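For reference, the structure discussed in these notes is given below.
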Amino acid sequence: MKSSKPTYKEVYANINLLLDRLTNINVNVFVEQHVFTVVGGQIKDRLLKLIVDESLIDSVPATMDEYHKSTGFVDDAIGMPMTFQ
């Protein structure tokens, strides 16, 4: 039976899509500060924790055999925080 939870790749793709769409409405609040700098500072840690707890943890290979069969999980997991900087 297939899990009802999306894979980490689906979650990551949707987050990237969301951030891409939101970029178009990133306006200046102050001289050197944009809306998403303010908002991002407030939610970044919580969002990263949620992604790890609800998506990545379930995707971590349990055995070396699973690790070798995984498709770029480590590279994807390492690159994910860069999206939020």
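Ordering of the structure tokens sets the chain letters (A, B, ...); residue numbers start at 1 within each chain; ligands are numbered from 1 in the order shown.
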For the strand (DSSP E) assignment from backbone DSSP, which residues of chain A qualify? Please present them as a list of chain:residue names.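 Selection result, strand (DSSP E) within chain A: A:Asn28, A:Val29, A:Phe30, A:Gln33, A:His34.
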Residues within 12 Å of segment 67-71 of chain A, please, as an mmCIF file with all heavy atoms, in the first residue's frame. Count only C-alpha atoms; anything in the same chain fewer than 6 positions from it doesn't count.
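That gives us out-v5.cif:
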```cif
data_model
loop_
_atom_site.group_PDB
_atom_site.id
_atom_site.type_symbol
_atom_site.label_atom_id
_atom_site.label_comp_id
_atom_site.auth_asym_id
_atom_site.auth_seq_id
_atom_site.Cartn_x
_atom_site.Cartn_y
_atom_site.Cartn_z
ATOM 1 N N TYR A 8 9.902 13.198 -0.122
ATOM 2 C CA TYR A 8 10.660 14.419 0.139
ATOM 3 C C TYR A 8 10.903 15.181 -1.155
ATOM 4 O O TYR A 8 10.943 16.405 -1.157
ATOM 5 C CB TYR A 8 11.978 14.118 0.866
ATOM 6 C CG TYR A 8 13.090 13.633 -0.030
ATOM 7 C CD1 TYR A 8 13.979 14.543 -0.607
ATOM 8 C CD2 TYR A 8 13.260 12.288 -0.315
ATOM 9 C CE1 TYR A 8 14.996 14.116 -1.441
ATOM 10 C CE2 TYR A 8 14.262 11.858 -1.138
ATOM 11 C CZ TYR A 8 15.140 12.768 -1.703
ATOM 12 O OH TYR A 8 16.138 12.333 -2.530
ATOM 13 N N LYS A 9 11.039 14.482 -2.276
ATOM 14 C CA LYS A 9 11.251 15.155 -3.557
ATOM 15 C C LYS A 9 10.016 15.971 -3.952
ATOM 16 O O LYS A 9 10.139 17.078 -4.473
ATOM 17 C CB LYS A 9 11.584 14.150 -4.657
ATOM 18 C CG LYS A 9 12.992 13.621 -4.553
ATOM 19 C CD LYS A 9 13.331 12.746 -5.741
ATOM 20 C CE LYS A 9 14.716 12.191 -5.606
ATOM 21 N NZ LYS A 9 15.681 12.822 -6.452
ATOM 22 N N SER A 59 12.457 9.433 4.830
ATOM 23 C CA SER A 59 13.169 9.099 3.605
ATOM 24 C C SER A 59 14.602 8.636 3.840
ATOM 25 O O SER A 59 15.263 8.188 2.909
ATOM 26 C CB SER A 59 13.202 10.314 2.675
ATOM 27 O OG SER A 59 11.889 10.697 2.333
ATOM 28 N N VAL A 60 15.079 8.748 5.066
ATOM 29 C CA VAL A 60 16.455 8.337 5.364
ATOM 30 C C VAL A 60 16.561 6.822 5.208
ATOM 31 O O VAL A 60 15.787 6.076 5.804
ATOM 32 C CB VAL A 60 16.863 8.749 6.802
ATOM 33 C CG1 VAL A 60 18.222 8.179 7.178
ATOM 34 C CG2 VAL A 60 16.838 10.263 6.941
ATOM 35 N N PRO A 61 17.521 6.380 4.389
ATOM 36 C CA PRO A 61 17.690 4.943 4.201
ATOM 37 C C PRO A 61 18.053 4.259 5.519
ATOM 38 O O PRO A 61 18.882 4.761 6.279
ATOM 39 C CB PRO A 61 18.859 4.844 3.204
ATOM 40 C CG PRO A 61 18.930 6.183 2.550
ATOM 41 C CD PRO A 61 18.444 7.165 3.565
ATOM 42 N N ALA A 77 19.239 16.531 0.361
ATOM 43 C CA ALA A 77 19.093 16.986 1.744
ATOM 44 C C ALA A 77 20.114 18.066 2.083
ATOM 45 O O ALA A 77 19.796 19.040 2.767
ATOM 46 C CB ALA A 77 19.231 15.809 2.702
#
```
Excluding Asn24 of chain A and its own-chain neighbours fewer than 5 positions away, which residues fall within 12 Å of it when counting only C-alpha atoms? Please give them as a ChimeraX atom specification. /A:17-19,34-36
Requested write-out: N, CA and C atoms of the selected residues, as a PDB file, in the first residue's frame:
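Contents of result-v6.pdb, as written:
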```pdb
ATOM      1  N   LEU A  17       8.599  25.660  -5.881  1.00  0.00           N
ATOM      2  CA  LEU A  17       7.570  26.295  -6.697  1.00  0.00           C
ATOM      3  C   LEU A  17       6.923  27.457  -5.939  1.00  0.00           C
ATOM      4  N   LEU A  18       6.598  27.228  -4.685  1.00  0.00           N
ATOM      5  CA  LEU A  18       6.008  28.276  -3.854  1.00  0.00           C
ATOM      6  C   LEU A  18       6.945  29.475  -3.731  1.00  0.00           C
ATOM      7  N   LEU A  19       8.207  29.216  -3.422  1.00  0.00           N
ATOM      8  CA  LEU A  19       9.168  30.312  -3.273  1.00  0.00           C
ATOM      9  C   LEU A  19       9.371  31.057  -4.580  1.00  0.00           C
ATOM     10  N   HIS A  34      13.272  43.456   2.545  1.00  0.00           N
ATOM     11  CA  HIS A  34      12.127  43.030   1.755  1.00  0.00           C
ATOM     12  C   HIS A  34      11.157  42.235   2.629  1.00  0.00           C
ATOM     13  N   VAL A  35       9.948  42.074   2.146  1.00  0.00           N
ATOM     14  CA  VAL A  35       8.909  41.329   2.871  1.00  0.00           C
ATOM     15  C   VAL A  35       9.412  39.960   3.303  1.00  0.00           C
ATOM     16  N   PHE A  36      10.045  39.231   2.394  1.00  0.00           N
ATOM     17  CA  PHE A  36      10.427  37.856   2.714  1.00  0.00           C
ATOM     18  C   PHE A  36      11.656  37.756   3.607  1.00  0.00           C
TER      19      PHE A  36
END
```
What gap, in Å, lies between atom CA of Leu50 of chain A and atom CA of Val74 of chain A?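 Computing it gives 17.9 Å between the two atoms.
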Pick from A:Pro81, A:Met64, A:Ser4, A:Ile25, whichever lies nearest to Lys49 of chain A using only C-alpha atoms: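 Result for the nearest residue to Lys49 of chain A: A:Pro81.
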Excluding same-chain residues fewer than 3 positions from Asp58 of chain A, what lies within 10 Å of it counting only C-alpha atoms, as a PyMOL selection string? chain A and resi 5+7-8+52-55+61-62
Using the chain letters and numbers from this document, which residues of chain A does DSSP assign to helix (DSSP H, G or I), as number ranges by chain? A: 8-23, 35-59, 64-69, 73-83
Atom CA of Leu47 of chain A to atom CA of Glu32 of chain A, straight-line distance in Å: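 Separating atom CA of Glu32 of chain A from atom CA of Leu47 of chain A is a distance of 24.0 Å.
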I'd like the interatomic distance between atom CA of Lys44 of chain A and atom CA of Phe73 of chain A, to a tenth of an Å.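 About the pair atom CA of Lys44 of chain A and atom CA of Phe73 of chain A: they are 21.3 Å apart.
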